[in-house]
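Comments concern the structure below.
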Amino acid sequence: MGYVFTARASGYLIGSITGGPLFDRFNGNALSGAFVLVTGACFIIIPFITNLWVMGIFFVCSGFSMGFMDTGGNVMMIWLHGEKVGPYLQALHSMFGVGAFLSPLIIGKLMHDLGDLEGMTWSYRIFGFLTVPISIWCFMRPRVTPRESDAAASHGWPERVVIFLTSFFLFVYVGAEVSAGGYLFSYAVLRNLAEETESALMTALYWGALTLGRIATIPASIYLSSRVLLSGNLIGCIISCVLWLIFEDSVAMLWIGCFMYGLAMSSTFPSAIHLAENYMSLTGRLASLLVFGASSGEMVIPLVTSFLFARAPLSLMWILLTTSVLGTGIFIGILWVGKFTKKKIRVEKMQDEEMPEMSDVDLGDEPPLTKLDEEF
């Protein structure tokens, strides 16, 4: 199983970095439709494969397609909605959570009714054939292109630093998100804080809170900026980790922390992308760098966590606290460097020009002096 997951993650990494430049040059909706079909074909074929190496190749292909579409979906959403993309990005990423919540229920039901092997086979078939109408819909959509001002925008050192910091931020965030979801179950069991059934419910609470938070952030992002949302996310993560460490033997605090941490992590990814878009015009190539950072963190940080967790389960909470504090530092760095980007300076200049000087404001004719005024 480790080989299979590594193969899929490797494909996702390659797809995320190579997909962006292709979306800059070709019809993104057509590319999405084609790679949706590739993903579906891999899902349908995989259950019939008996050779481990061949199976690994197909998981690499499916991971490549997912990384490719992840990059394209984010960048086309930004091209389509521009500065008002916030709620749409939140909606896009909330669907990831909905799928992660529903798919295990569907698979579990099929495995219960049909048996483990047959149920898993039909699960792959169903998800594979569901890609067909999605692919047709993508092919029918018109091409999405960046705005002319975005396409012609040049990037200096501040923009490059913002991209690097945002990519590093997503590296830390996604690594922490996956580590928490993967090790909270084992943490509760090994520290004798809960039985296996209760530990599984804690993990489900974490993912459920993350999905709930993403859905709730859709309307909230209409009124709140990405800077405000990220500030709340990071504060919530730090508070959750501190409470976990202070009350490390409390079962009740572990439950509360699972909900708080999942809720705090919910809107971080789309808000970080939106924040970067506020400071610069994102192209497919730049979006690839962001998704590449996220997918790298998904591989590296859980790997580091596994080595430390084997020695001391409490190290999980220290890792989550460290990533939260590190993410806060990177976030402050993005805000500071972002002040020097051309897009930020241009927006502030436009806002200053729209505000009239007091000397230019017509206050109307002065009222005639009354007899009382003349006396004074």
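Following the order of the structure tokens, first chain is A, next is B, and so on, with residues numbered from 1 inside each chain and ligands from 1 in the order they appear.
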Show me, as a Markdown table, the residues of region 113-171 of chain A having an atom within 6 Å of region 12-31 of chain A, each with the closest atom pair and its distance in Å, using only C-alpha atoms.
| residue | atom | partner | partner_atom | distance |
| --- | --- | --- | --- | --- |
| A:Cys138 | CA | A:Asn29 | CA | 5.2 |
| A:Phe139 | CA | A:Ala30 | CA | 5.0 |
| A:Arg143 | CA | A:Asn27 | CA | 5.3 |
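Counting from CA of Ser296 (chain A), the distance to CA of Lys339 (chain A) is 27.7 Å.
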Find the residues of region 259-300 of chain A that sit at most 6 Å from region 70-93 of chain A; for each, write down the nearest two atoms and how far apart they are in Å, to one decimal. Count only C-alpha atoms. Sort by chain, then by number going up, and give it as a tab-separated table.
residue	atom	partner	partner_atom	distance
A:Pro270	CA	A:Leu89	CA	5.6
A:Gly284	CA	A:Val75	CA	6.0
A:Ser288	CA	A:Thr71	CA	5.8
Tell me which of A:Ser199, A:Tyr173, A:Ile163, A:Glu298 sits closest to His274 (chain A), counting only C-alpha atoms.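 Among the listed residues, the smallest separation from His274 (chain A) belongs to A:Ile163.
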Do a neighbour search on Met55 (chain A) at 10 Å with only C-alpha atoms, toss out local chain neighbours closer than 6 positions, and write the hits as a ChimeraX atom specification. /A:3-4,7,42,45-49,61
In Å to one decimal, how far is CA of Leu105 (chain A) from CA of Val189 (chain A)?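 So the two atoms, CA of Val189 (chain A) and CA of Leu105 (chain A), lie 23.1 Å apart.
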CA of Ile239 (chain A) to CA of Leu326 (chain A): how many Å, to one decimal?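 The value is 14.2 Å.
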A:Ser10, A:Ser250, A:Thr341, A:Asn278: which is nearest Phe64 (chain A), counting only C-alpha atoms?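 Looking only at the distances to Phe64 (chain A), the closest residue turns out to be A:Ser10.
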